[in-house]
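Structure data follow from work-v9.txt (compact mmCIF, C-alpha atoms and all ligand atoms):
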# COMPACT_ATOMS: atom_id res chain seq x y z
CA MET A 1049 11.11 1.17 8.18
CA ARG A 1050 10.26 3.00 11.35
CA ALA A 1051 12.68 3.19 14.25
CA SER A 1052 10.45 1.11 16.59
CA MET A 1053 10.17 -1.65 14.00
CA LEU A 1054 13.93 -1.64 13.43
CA ARG A 1055 14.55 -1.79 17.18
CA SER A 1056 12.24 -4.82 17.54
CA ILE A 1057 13.90 -6.53 14.60
CA LYS A 1058 17.36 -5.83 16.00
CA SER A 1059 16.46 -7.26 19.41
CA LEU A 1060 15.03 -10.38 17.79
CA THR A 1061 17.97 -11.05 15.54
CA THR A 1062 21.10 -9.90 17.33
CA SER A 1063 20.65 -10.64 21.00
CA PRO A 1064 22.69 -13.61 22.28
CA SER A 1065 19.46 -14.93 23.79
CA SER A 1066 17.37 -14.10 20.76
CA HIS A 1067 15.70 -17.52 20.72
CA ILE A 1068 14.33 -16.87 24.21
CA LEU A 1069 13.17 -13.40 23.29
CA ARG A 1070 11.58 -14.74 20.14
CA ARG A 1071 9.63 -17.42 21.99
CA GLY A 1072 8.46 -14.99 24.64
CA TYR A 1073 7.63 -12.37 22.06
CA ALA A 1074 5.54 -14.73 19.97
CA SER A 1075 3.58 -16.43 22.70
CA GLU A 1076 3.01 -13.62 25.19
CA ALA A 1077 2.93 -10.27 23.52
CA VAL A 1078 2.03 -10.54 19.87
CA PRO A 1079 -0.84 -12.50 18.32
CA GLU A 1080 -0.35 -14.87 15.39
CA ARG A 1081 -0.80 -13.03 12.09
CA LYS A 1082 -0.65 -14.46 8.60
CA VAL A 1083 0.35 -12.16 5.74
CA THR A 1084 0.03 -13.29 2.12
CA VAL A 1085 1.88 -11.57 -0.73
CA LEU A 1086 0.38 -12.12 -4.21
CA GLY A 1087 3.03 -11.41 -6.83
CA ALA A 1088 5.80 -12.19 -4.32
CA ALA A 1089 8.52 -12.95 -6.88
CA GLY A 1090 8.20 -9.62 -8.74
CA GLY A 1091 10.20 -6.42 -8.57
CA ILE A 1092 8.12 -5.18 -5.63
CA GLY A 1093 7.18 -8.62 -4.33
CA GLN A 1094 10.73 -9.73 -3.51
CA PRO A 1095 11.89 -6.78 -1.37
CA LEU A 1096 8.40 -6.53 0.14
CA SER A 1097 8.55 -10.20 1.13
CA LEU A 1098 11.95 -9.52 2.70
CA LEU A 1099 10.57 -6.58 4.69
CA MET A 1100 7.53 -8.57 5.84
CA LYS A 1101 9.90 -11.35 6.95
CA LEU A 1102 11.67 -8.74 9.10
CA ASN A 1103 8.39 -7.64 10.69
CA PRO A 1104 8.00 -9.20 14.15
CA LEU A 1105 4.20 -8.83 13.99
CA VAL A 1106 4.05 -11.53 11.27
CA SER A 1107 3.92 -15.20 12.33
CA ASN A 1108 3.14 -16.76 8.92
CA LEU A 1109 4.28 -15.40 5.60
CA ALA A 1110 2.72 -16.91 2.46
CA LEU A 1111 4.48 -16.02 -0.78
CA TYR A 1112 2.48 -16.62 -3.96
CA ASP A 1113 3.43 -15.97 -7.57
CA ILE A 1114 2.80 -17.68 -10.89
CA ALA A 1115 6.58 -17.72 -11.61
CA ASN A 1116 9.79 -18.14 -9.59
CA THR A 1117 8.16 -18.57 -6.18
CA PRO A 1118 10.18 -21.54 -4.89
CA GLY A 1119 13.51 -19.71 -5.11
CA VAL A 1120 12.23 -16.54 -3.47
CA ALA A 1121 10.46 -18.48 -0.70
CA ALA A 1122 13.51 -20.67 0.01
CA ASP A 1123 15.76 -17.62 0.11
CA VAL A 1124 13.54 -15.53 2.42
CA SER A 1125 12.78 -18.54 4.65
CA HIS A 1126 16.41 -18.79 5.80
CA ILE A 1127 16.23 -15.44 7.60
CA ASN A 1128 16.19 -16.03 11.35
CA THR A 1129 13.12 -14.01 12.30
CA ARG A 1130 9.76 -15.02 13.77
CA SER A 1131 7.64 -15.90 10.75
CA GLU A 1132 7.31 -19.27 9.03
CA VAL A 1133 7.61 -18.81 5.26
CA VAL A 1134 5.77 -20.98 2.73
CA GLY A 1135 5.90 -20.49 -1.03
CA TYR A 1136 2.93 -21.25 -3.31
CA ALA A 1137 3.66 -21.55 -6.99
CA SER A 1138 0.56 -22.26 -9.04
CA ASP A 1139 -3.10 -21.46 -9.40
CA ALA A 1140 -3.91 -24.74 -7.67
CA GLU A 1141 -2.07 -23.53 -4.56
CA LEU A 1142 -3.62 -20.04 -4.40
CA GLY A 1143 -6.35 -21.16 -1.98
CA LYS A 1144 -3.80 -22.53 0.47
CA ALA A 1145 -1.74 -19.34 0.23
CA LEU A 1146 -4.80 -17.29 1.18
CA GLU A 1147 -6.43 -19.51 3.79
CA GLY A 1148 -6.33 -17.84 7.22
CA ALA A 1149 -4.67 -14.66 5.95
CA ASP A 1150 -5.13 -11.55 8.09
CA VAL A 1151 -3.56 -9.23 5.51
CA VAL A 1152 -3.23 -9.85 1.76
CA ILE A 1153 -0.83 -7.59 -0.14
CA ILE A 1154 -1.24 -7.49 -3.94
CA PRO A 1155 1.71 -6.31 -6.05
CA ALA A 1156 0.81 -8.71 -8.91
CA GLY A 1157 0.67 -7.34 -12.43
CA VAL A 1158 2.68 -5.56 -15.07
CA PRO A 1159 4.57 -2.30 -14.43
CA ARG A 1160 4.86 0.77 -16.71
CA LYS A 1161 7.48 1.46 -19.33
CA PRO A 1162 8.47 5.01 -20.39
CA GLY A 1163 5.68 6.79 -22.27
CA MET A 1164 2.89 4.80 -20.60
CA THR A 1165 0.34 6.02 -18.07
CA ARG A 1166 -0.82 3.84 -15.21
CA ASP A 1167 -4.15 3.52 -17.03
CA ASP A 1168 -2.31 1.83 -19.92
CA LEU A 1169 -1.82 -1.11 -17.53
CA PHE A 1170 -5.58 -1.53 -17.10
CA ASN A 1171 -6.13 -4.12 -19.83
CA ILE A 1172 -3.72 -6.62 -18.29
CA ASN A 1173 -3.88 -5.82 -14.61
CA ALA A 1174 -7.67 -5.53 -14.30
CA GLY A 1175 -8.05 -9.22 -15.16
CA ILE A 1176 -5.20 -10.28 -12.84
CA VAL A 1177 -6.65 -8.36 -9.90
CA LYS A 1178 -10.18 -9.63 -10.58
CA GLY A 1179 -9.04 -13.25 -10.50
CA LEU A 1180 -7.02 -12.77 -7.32
CA CYS A 1181 -9.90 -10.98 -5.58
CA GLU A 1182 -12.30 -13.79 -6.48
CA ALA A 1183 -9.91 -16.15 -4.71
CA ILE A 1184 -9.68 -13.80 -1.69
CA ALA A 1185 -13.50 -13.70 -1.45
CA LYS A 1186 -13.51 -17.49 -1.40
CA HIS A 1187 -10.58 -18.30 0.87
CA CYS A 1188 -10.06 -15.32 3.24
CA PRO A 1189 -13.07 -13.01 3.00
CA ASN A 1190 -12.15 -11.26 6.25
CA ALA A 1191 -8.58 -10.34 5.33
CA LEU A 1192 -7.46 -6.73 4.98
CA VAL A 1193 -6.58 -6.29 1.30
CA ASN A 1194 -3.69 -3.94 0.44
CA MET A 1195 -3.97 -3.21 -3.30
CA ILE A 1196 -0.69 -2.12 -4.89
CA SER A 1197 -1.33 -3.19 -8.53
CA ASN A 1198 -1.94 -0.28 -10.90
CA PRO A 1199 -3.99 1.56 -11.88
CA VAL A 1200 -4.96 1.74 -8.18
CA ASN A 1201 -7.71 4.27 -9.01
CA SER A 1202 -9.43 1.43 -10.93
CA THR A 1203 -8.14 -1.78 -9.30
CA VAL A 1204 -9.63 -0.86 -5.90
CA PRO A 1205 -13.13 -0.35 -7.39
CA ILE A 1206 -12.67 -3.64 -9.29
CA ALA A 1207 -11.88 -5.41 -6.02
CA ALA A 1208 -14.92 -3.84 -4.34
CA GLU A 1209 -17.23 -5.06 -7.12
CA VAL A 1210 -15.77 -8.58 -7.03
CA PHE A 1211 -16.32 -8.72 -3.26
CA LYS A 1212 -19.86 -7.31 -3.60
CA LYS A 1213 -20.70 -9.98 -6.16
CA ALA A 1214 -19.37 -12.67 -3.79
CA GLY A 1215 -21.32 -11.13 -0.88
CA THR A 1216 -18.14 -10.52 1.13
CA TYR A 1217 -17.56 -6.79 0.59
CA ASP A 1218 -16.60 -4.87 3.70
CA PRO A 1219 -15.36 -1.37 2.81
CA LYS A 1220 -13.41 -1.32 6.07
CA ARG A 1221 -11.14 -4.06 4.72
CA LEU A 1222 -10.16 -2.77 1.28
CA PHE A 1223 -7.25 -0.36 0.83
CA GLY A 1224 -5.50 1.15 -2.17
CA VAL A 1225 -1.86 1.58 -1.15
CA THR A 1226 -0.92 5.23 -1.71
CA THR A 1227 1.84 5.25 0.91
CA LEU A 1228 4.54 5.78 -1.71
CA ASP A 1229 3.02 9.18 -2.52
CA VAL A 1230 3.35 10.10 1.15
CA VAL A 1231 6.90 8.73 1.32
CA ARG A 1232 7.86 10.85 -1.69
CA ALA A 1233 6.09 13.98 -0.43
CA LYS A 1234 7.93 13.66 2.90
CA THR A 1235 11.32 13.20 1.22
CA PHE A 1236 10.89 16.06 -1.26
CA TYR A 1237 9.47 18.42 1.39
CA ALA A 1238 12.31 17.71 3.83
CA GLY A 1239 14.83 18.56 1.09
CA LYS A 1240 13.29 21.99 0.43
CA ALA A 1241 12.24 22.86 3.98
CA MET A 1242 15.65 21.82 5.38
CA VAL A 1243 14.04 19.86 8.22
CA PRO A 1244 14.92 16.33 9.41
CA VAL A 1245 13.04 13.95 7.10
CA ALA A 1246 12.18 11.57 9.94
CA GLU A 1247 10.09 14.31 11.59
CA VAL A 1248 8.12 15.22 8.46
CA ASN A 1249 4.43 14.55 8.01
CA VAL A 1250 2.49 15.38 4.83
CA PRO A 1251 -0.98 14.07 4.02
CA VAL A 1252 -1.49 13.09 0.38
CA VAL A 1253 -5.10 12.78 -0.78
CA GLY A 1254 -7.12 12.02 -3.93
CA GLY A 1255 -5.92 9.03 -5.93
CA HIS A 1256 -2.75 7.42 -7.23
CA ALA A 1257 -2.05 8.72 -10.75
CA GLY A 1258 -0.75 12.08 -12.04
CA ILE A 1259 -2.91 15.01 -10.99
CA THR A 1260 -5.16 12.78 -8.88
CA ILE A 1261 -2.23 12.67 -6.40
CA LEU A 1262 -2.74 15.76 -4.23
CA PRO A 1263 -0.13 16.39 -1.53
CA LEU A 1264 -1.35 18.85 1.11
CA PHE A 1265 1.86 20.76 1.78
CA SER A 1266 -0.11 23.49 3.59
CA GLN A 1267 -0.57 20.91 6.37
CA ALA A 1268 3.03 19.66 6.30
CA THR A 1269 4.92 19.57 9.59
CA PRO A 1270 7.39 20.79 10.76
CA LYS A 1271 6.13 24.06 9.29
CA ALA A 1272 8.35 25.90 6.82
CA ASN A 1273 7.94 29.14 4.95
CA LEU A 1274 8.09 27.89 1.36
CA SER A 1275 7.21 30.12 -1.58
CA ASP A 1276 4.27 29.39 -3.89
CA GLU A 1277 6.76 28.46 -6.63
CA VAL A 1278 8.43 25.88 -4.40
CA ILE A 1279 5.06 24.41 -3.32
CA THR A 1280 3.99 24.16 -6.98
CA ALA A 1281 7.26 22.40 -7.88
CA LEU A 1282 7.02 20.03 -4.88
CA THR A 1283 3.43 19.16 -5.83
CA LYS A 1284 4.39 18.42 -9.42
CA ARG A 1285 7.39 16.32 -8.38
CA THR A 1286 5.20 14.26 -6.03
CA GLN A 1287 2.59 13.77 -8.75
CA ASP A 1288 5.29 12.74 -11.25
CA GLY A 1289 7.37 10.69 -8.80
CA GLY A 1290 6.40 7.38 -10.40
CA THR A 1291 7.23 8.67 -13.87
CA GLU A 1292 10.59 9.98 -12.62
CA VAL A 1293 11.50 6.40 -11.63
CA VAL A 1294 10.02 4.82 -14.78
CA GLU A 1295 12.15 7.13 -16.93
CA ALA A 1296 15.29 6.55 -14.86
CA LYS A 1297 14.80 2.77 -15.18
CA ALA A 1298 14.45 3.28 -18.95
CA GLY A 1299 12.26 0.29 -19.77
CA LYS A 1300 13.23 -1.94 -16.82
CA GLY A 1301 10.06 -1.24 -14.85
CA SER A 1302 8.83 1.20 -12.23
CA ALA A 1303 9.46 1.86 -8.54
CA THR A 1304 10.11 -1.40 -6.71
CA LEU A 1305 12.39 -0.70 -3.73
CA SER A 1306 10.72 2.50 -2.51
CA MET A 1307 7.36 0.80 -3.16
CA ALA A 1308 8.36 -2.24 -1.12
CA TYR A 1309 9.31 0.12 1.72
CA ALA A 1310 5.99 1.96 1.41
CA GLY A 1311 4.04 -1.32 1.19
CA ALA A 1312 5.80 -2.61 4.30
CA ILE A 1313 4.93 0.58 6.21
CA PHE A 1314 1.28 0.27 5.23
CA ALA A 1315 1.00 -3.46 6.00
CA ASP A 1316 2.69 -2.85 9.35
CA ALA A 1317 0.07 -0.17 10.10
CA CYS A 1318 -2.72 -2.63 9.20
CA LEU A 1319 -1.22 -5.27 11.53
CA LYS A 1320 -0.85 -2.75 14.35
CA GLY A 1321 -4.49 -1.72 13.88
CA LEU A 1322 -5.62 -5.36 13.96
CA ASN A 1323 -3.60 -5.87 17.14
CA GLY A 1324 -5.37 -2.97 18.84
CA VAL A 1325 -2.57 -0.42 18.81
CA PRO A 1326 -4.29 2.98 19.19
CA ASP A 1327 -3.99 5.98 16.86
CA VAL A 1328 -2.59 4.22 13.81
CA ILE A 1329 -3.15 6.66 10.95
CA GLU A 1330 -2.03 6.34 7.32
CA CYS A 1331 -3.27 7.77 4.03
CA SER A 1332 -5.07 5.25 1.83
CA PHE A 1333 -7.47 5.09 -1.13
CA VAL A 1334 -10.67 3.73 0.42
CA GLN A 1335 -14.45 3.87 0.09
CA SER A 1336 -15.17 7.38 1.21
CA THR A 1337 -17.72 10.15 1.75
CA VAL A 1338 -15.04 12.82 2.12
CA THR A 1339 -15.95 14.07 -1.39
CA GLU A 1340 -18.78 13.14 -3.76
CA LEU A 1341 -16.54 10.39 -5.25
CA PRO A 1342 -17.16 6.84 -3.97
CA PHE A 1343 -13.43 6.19 -3.42
CA PHE A 1344 -10.88 8.73 -2.30
CA ALA A 1345 -7.51 8.73 -0.58
CA SER A 1346 -7.24 10.55 2.71
CA ARG A 1347 -5.96 9.93 6.20
CA VAL A 1348 -7.52 6.82 7.70
CA ARG A 1349 -7.51 5.57 11.29
CA LEU A 1350 -6.81 1.83 11.37
CA GLY A 1351 -8.23 -0.51 13.98
CA LYS A 1352 -9.22 -4.06 14.83
CA ASN A 1353 -11.61 -4.25 11.86
CA GLY A 1354 -9.54 -2.31 9.35
CA VAL A 1355 -10.77 1.23 8.67
CA GLU A 1356 -11.97 2.69 11.95
CA GLU A 1357 -12.46 6.22 10.66
CA VAL A 1358 -11.93 7.99 7.36
CA LEU A 1359 -10.61 11.40 8.34
CA GLY A 1360 -11.54 14.59 6.50
CA LEU A 1361 -9.26 16.76 4.42
CA GLY A 1362 -8.72 19.55 6.93
CA PRO A 1363 -8.19 23.16 5.81
CA LEU A 1364 -6.88 23.48 2.23
CA SER A 1365 -4.96 26.31 0.60
CA ASP A 1366 -6.47 27.93 -2.51
CA PHE A 1367 -3.90 26.04 -4.61
CA GLU A 1368 -4.98 22.73 -3.04
CA LYS A 1369 -8.70 23.57 -3.43
CA GLU A 1370 -8.05 24.15 -7.12
CA GLY A 1371 -6.09 20.87 -7.37
CA LEU A 1372 -8.94 19.02 -5.68
CA GLU A 1373 -11.52 20.24 -8.20
CA LYS A 1374 -9.16 19.49 -11.12
CA LEU A 1375 -8.54 15.90 -10.08
CA LYS A 1376 -12.18 14.89 -9.64
CA PRO A 1377 -13.16 14.24 -13.31
CA GLU A 1378 -10.13 11.99 -13.94
CA LEU A 1379 -10.53 10.10 -10.68
CA LYS A 1380 -14.27 9.67 -11.28
CA SER A 1381 -13.68 8.23 -14.73
CA SER A 1382 -10.98 5.79 -13.49
CA ILE A 1383 -13.30 4.59 -10.72
CA GLU A 1384 -16.17 4.12 -13.18
CA LYS A 1385 -13.90 2.27 -15.60
CA GLY A 1386 -13.01 -0.22 -12.86
CA ILE A 1387 -16.61 -0.73 -11.80
CA LYS A 1388 -17.77 -1.20 -15.40
CA PHE A 1389 -15.05 -3.81 -16.02
CA ALA A 1390 -15.93 -5.78 -12.90
CA ILE A 1391 -19.69 -5.92 -13.38
CA GLN A 1392 -19.69 -6.78 -17.09
N1 LIG A 1401 0.60 1.51 -5.65
C1 LIG A 1401 1.79 1.98 -5.95
O1 LIG A 1401 2.21 2.99 -5.40
C2 LIG A 1401 2.68 1.28 -6.93
C3 LIG A 1401 2.20 0.28 -7.72
N2 LIG A 1401 3.00 -0.38 -8.60
C4 LIG A 1401 2.39 -1.44 -9.40
O2 LIG A 1401 2.70 -2.71 -8.84
C5 LIG A 1401 2.60 -3.73 -9.86
C6 LIG A 1401 3.79 -4.67 -9.81
O3 LIG A 1401 4.97 -3.99 -10.13
P1 LIG A 1401 6.38 -4.76 -10.20
O4 LIG A 1401 6.56 -5.61 -9.00
O5 LIG A 1401 7.40 -3.78 -10.53
O6 LIG A 1401 6.14 -5.74 -11.46
P2 LIG A 1401 6.89 -7.10 -11.83
O7 LIG A 1401 6.52 -7.44 -13.22
O8 LIG A 1401 8.32 -7.01 -11.46
O9 LIG A 1401 6.23 -8.16 -10.84
C7 LIG A 1401 4.89 -8.53 -10.93
C8 LIG A 1401 4.78 -9.96 -10.46
O10 LIG A 1401 3.39 -10.31 -10.52
C9 LIG A 1401 3.35 -11.68 -10.92
N3 LIG A 1401 2.03 -12.02 -11.42
C10 LIG A 1401 1.46 -11.74 -12.62
N4 LIG A 1401 0.23 -12.27 -12.67
C11 LIG A 1401 0.01 -12.85 -11.48
C12 LIG A 1401 -1.10 -13.57 -10.93
N5 LIG A 1401 -2.22 -13.78 -11.61
N6 LIG A 1401 -0.97 -14.02 -9.67
C13 LIG A 1401 0.17 -13.82 -8.96
N7 LIG A 1401 1.24 -13.16 -9.43
C14 LIG A 1401 1.14 -12.69 -10.67
C15 LIG A 1401 4.46 -11.82 -11.94
O11 LIG A 1401 4.83 -13.18 -12.12
C16 LIG A 1401 5.55 -10.97 -11.32
O12 LIG A 1401 6.40 -11.74 -10.50
C17 LIG A 1401 2.47 -2.96 -11.17
O13 LIG A 1401 1.12 -2.94 -11.55
C18 LIG A 1401 2.92 -1.56 -10.81
O14 LIG A 1401 2.38 -0.58 -11.65
C19 LIG A 1401 4.32 -0.08 -8.70
C20 LIG A 1401 4.88 0.90 -7.92
C21 LIG A 1401 4.09 1.69 -7.00
O1 LIG A 1402 4.57 5.01 -11.65
C1 LIG A 1402 4.29 3.81 -11.71
O2 LIG A 1402 3.91 3.24 -12.74
C2 LIG A 1402 4.39 3.02 -10.46
C3 LIG A 1402 3.75 3.76 -9.38
O3 LIG A 1402 2.55 3.72 -9.18
C4 LIG A 1402 4.57 4.70 -8.60
O4 LIG A 1402 5.81 4.62 -8.65
O5 LIG A 1402 3.99 5.56 -7.94
Any chance you could put this one into structure tokens?
Ligand SMILES: NC(=O)C1=CN([C@@H]2O[C@H](COP(=O)(O)OP(=O)(O)OC[C@H]3O[C@@H](n4cnc5c(N)ncnc54)[C@H](O)[C@@H]3O)[C@@H](O)[C@H]2O)C=CC1
Ligand SMILES: O=C([O-])CC(=O)C(=O)O
Amino acid sequence: MRASMLRSIKSLTTSPSSHILRRGYASEAVPERKVTVLGAAGGIGQPLSLLMKLNPLVSNLALYDIANTPGVAADVSHINTRSEVVGYASDAELGKALEGADVVIIPAGVPRKPGMTRDDLFNINAGIVKGLCEAIAKHCPNALVNMISNPVNSTVPIAAEVFKKAGTYDPKRLFGVTTLDVVRAKTFYAGKAMVPVAEVNVPVVGGHAGITILPLFSQATPKANLSDEVITALTKRTQDGGTEVVEAKAGKGSATLSMAYAGAIFADACLKGLNGVPDVIECSFVQSTVTELPFFASRVRLGKNGVEEVLGLGPLSDFEKEGLEKLKPELKSSIEKGIKFAIQ
């Protein structure tokens, strides 16, 4: 969580007059914002719900899952921060969970086990995401949708097709969450460049699976003089970051805690954009004309309507240019697979 967010949280929760601050904060400075988490009782959903409960920009937090929601909602609801928490536990309650949502975060679906690719999750997760997006189109068609469920390279195109079919598609409001790739690239770069990690910025473009994840270390700041070998190794580690965690968890799932952190950063950026904070920029997998592919992750400026501007790639090194051409066939086929599934 960023320092400013932590400072706000600290002032809300530890000041002796925190109730006064909270009232003033809610009514004067910050608009009401409802955030809904779909899959809230899962490995990502639980810590993500916690982090959203700590976010002072949230006034209503709706936690939906098909299993174990009441316990998670009761637990999170006792935290003395601004938002009201309500849990929704069954299909019949999904509409209420979504009604009035400004941001919907979707970490619903199965995670990988060792030996699987993200695409191996398609058969189960495509159907889950389709159903949830149909409900979003019906109950909160204007919400910003943060898609975490894998394979993101296909689930985002699925969501787009579902929204098109319902007549609610607005490309400015649909985001594949690739923030974890950026979080990893920053961490790994800081370790090699020997610079303070909090100061590091690295754009990560392309998609969210294997070689489709393309960190642009040539644009990393603070600048460092890293050898080609180190850049190659950093790129590979970023691309394989998810697999590194899947293998370490040895059958007990994939990244949950670092993903919850990344999801909270991205949702916070969406809320800031909605609230009119200027110059909010994050990488995300969105509808795009940056390349010939219909969806592509790059830096995106967030605003009151979601995507305000999809930023270009900037100057690439020869290594990155090569990586960009290599990733296109795989990313294209994952996008097409999603579209085909949704329109059948
Ligand atoms: N975009 C990214 O960078 C990342 C994406 N992921 C993906 O996030 C997804 C979730 O991962 P975990 O939380 O570890 O899995 P998990 O299995 O721990 O939790 C998933 C939750 O979704 C719920 N769920 C299933 N069907 C549902 C439905 N129709 N409606 C509402 N909830 C439903 C389950 O009950 C469960 O609580 C996976 O697809 C995983 O691959 C994971 C890490 C990073
Ligand atoms: O690797 C996985 O299956 C989960 C994921 O997307 C990540 O950790 O980046």
- [ ] Work out how far apart atom C4 of ligand LIG 1402 (chain A) and atom CA of Leu1274 of chain A are and give it in Å to one decimal.
- [x]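 So the answer is 25.5 Å.
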- [ ] Identify, counting all atoms listed in the file, the protein, DNA and RNA residues located within 6 Å of ligand LIG 1401 (chain A), and give them as a PyMOL selection string.
- [x] chain A and resi 1086-1087+1089-1093+1113-1115+1155-1160+1176+1196-1198+1225-1226+1228+1301-1304+1307
Task: Residue nearest Asp1218 of chain A among A:Asn1173, A:Gln1335, A:Thr1117, A:Thr1129 (counting all atoms listed in the file) - done: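 Using all atoms listed in the file, Asp1218 of chain A sits closest to A:Gln1335.
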Open item on the list: Env of segment 1378-1381 of chain A: 10 Å cut, atoms = only C-alpha atoms, seq-sep filter 4 positions within chain, self excluded. Answer as a ChimeraX atom specification.
Closed with: /A:1201-1202,1254-1261,1340-1344,1374,1385-1387
Task: Protein/DNA/RNA residues near (2.9, 23.3, -0.9), cut 9 Å, all atoms listed in the file, as number ranges by chain - done: A: 1237, 1263-1268, 1274-1283, 1365, 1367-1368
TODO: Counting only C-alpha atoms, note down every residue that has an atom within 6 Å of the point (0.9, -8.7, 18.3) (file coordinates), as a PyMOL selection string.
DONE: chain A and resi 1077-1079+1105+1323
As a PDB file, in the frame of the given file, could you write out segment 1114-1127 of chain A once it has been completed with N, CA, C and O atoms?
ATOM      1  N   ILE A1114       2.969 -16.668  -9.841  1.00  0.00           N
ATOM      2  CA  ILE A1114       2.800 -17.680 -10.890  1.00  0.00           C
ATOM      3  C   ILE A1114       4.161 -18.069 -11.499  1.00  0.00           C
ATOM      4  O   ILE A1114       4.235 -18.971 -12.313  1.00  0.00           O
ATOM      5  N   ALA A1115       5.230 -17.385 -11.101  1.00  0.00           N
ATOM      6  CA  ALA A1115       6.580 -17.720 -11.610  1.00  0.00           C
ATOM      7  C   ALA A1115       7.606 -17.466 -10.528  1.00  0.00           C
ATOM      8  O   ALA A1115       7.505 -16.488  -9.772  1.00  0.00           O
ATOM      9  N   ASN A1116       8.591 -18.346 -10.446  1.00  0.00           N
ATOM     10  CA  ASN A1116       9.790 -18.140  -9.590  1.00  0.00           C
ATOM     11  C   ASN A1116       9.527 -18.103  -8.086  1.00  0.00           C
ATOM     12  O   ASN A1116      10.378 -17.609  -7.334  1.00  0.00           O
ATOM     13  N   THR A1117       8.410 -18.625  -7.634  1.00  0.00           N
ATOM     14  CA  THR A1117       8.160 -18.570  -6.180  1.00  0.00           C
ATOM     15  C   THR A1117       9.105 -19.434  -5.371  1.00  0.00           C
ATOM     16  O   THR A1117       9.565 -18.981  -4.311  1.00  0.00           O
ATOM     17  N   PRO A1118       9.393 -20.685  -5.789  1.00  0.00           N
ATOM     18  CA  PRO A1118      10.180 -21.540  -4.890  1.00  0.00           C
ATOM     19  C   PRO A1118      11.514 -20.914  -4.484  1.00  0.00           C
ATOM     20  O   PRO A1118      11.889 -20.966  -3.305  1.00  0.00           O
ATOM     21  N   GLY A1119      12.207 -20.297  -5.422  1.00  0.00           N
ATOM     22  CA  GLY A1119      13.510 -19.710  -5.110  1.00  0.00           C
ATOM     23  C   GLY A1119      13.376 -18.560  -4.120  1.00  0.00           C
ATOM     24  O   GLY A1119      14.142 -18.460  -3.155  1.00  0.00           O
ATOM     25  N   VAL A1120      12.410 -17.690  -4.355  1.00  0.00           N
ATOM     26  CA  VAL A1120      12.230 -16.540  -3.470  1.00  0.00           C
ATOM     27  C   VAL A1120      11.840 -17.022  -2.071  1.00  0.00           C
ATOM     28  O   VAL A1120      12.381 -16.559  -1.055  1.00  0.00           O
ATOM     29  N   ALA A1121      10.926 -17.991  -2.008  1.00  0.00           N
ATOM     30  CA  ALA A1121      10.460 -18.480  -0.700  1.00  0.00           C
ATOM     31  C   ALA A1121      11.594 -19.170   0.054  1.00  0.00           C
ATOM     32  O   ALA A1121      11.770 -18.963   1.261  1.00  0.00           O
ATOM     33  N   ALA A1122      12.391 -19.976  -0.652  1.00  0.00           N
ATOM     34  CA  ALA A1122      13.510 -20.670   0.010  1.00  0.00           C
ATOM     35  C   ALA A1122      14.497 -19.653   0.550  1.00  0.00           C
ATOM     36  O   ALA A1122      14.955 -19.747   1.693  1.00  0.00           O
ATOM     37  N   ASP A1123      14.801 -18.660  -0.258  1.00  0.00           N
ATOM     38  CA  ASP A1123      15.760 -17.620   0.110  1.00  0.00           C
ATOM     39  C   ASP A1123      15.287 -16.868   1.362  1.00  0.00           C
ATOM     40  O   ASP A1123      15.985 -16.808   2.391  1.00  0.00           O
ATOM     41  N   VAL A1124      14.065 -16.330   1.298  1.00  0.00           N
ATOM     42  CA  VAL A1124      13.540 -15.530   2.420  1.00  0.00           C
ATOM     43  C   VAL A1124      13.392 -16.391   3.674  1.00  0.00           C
ATOM     44  O   VAL A1124      13.612 -15.919   4.798  1.00  0.00           O
ATOM     45  N   SER A1125      13.058 -17.678   3.490  1.00  0.00           N
ATOM     46  CA  SER A1125      12.780 -18.540   4.650  1.00  0.00           C
ATOM     47  C   SER A1125      14.008 -18.786   5.518  1.00  0.00           C
ATOM     48  O   SER A1125      13.878 -19.192   6.675  1.00  0.00           O
ATOM     49  N   HIS A1126      15.206 -18.551   4.991  1.00  0.00           N
ATOM     50  CA  HIS A1126      16.410 -18.790   5.800  1.00  0.00           C
ATOM     51  C   HIS A1126      16.704 -17.669   6.788  1.00  0.00           C
ATOM     52  O   HIS A1126      17.582 -17.800   7.627  1.00  0.00           O
ATOM     53  N   ILE A1127      15.983 -16.580   6.690  1.00  0.00           N
ATOM     54  CA  ILE A1127      16.230 -15.440   7.600  1.00  0.00           C
ATOM     55  C   ILE A1127      15.700 -15.799   8.989  1.00  0.00           C
ATOM     56  O   ILE A1127      14.550 -16.246   9.128  1.00  0.00           O
TER      57      ILE A1127
END
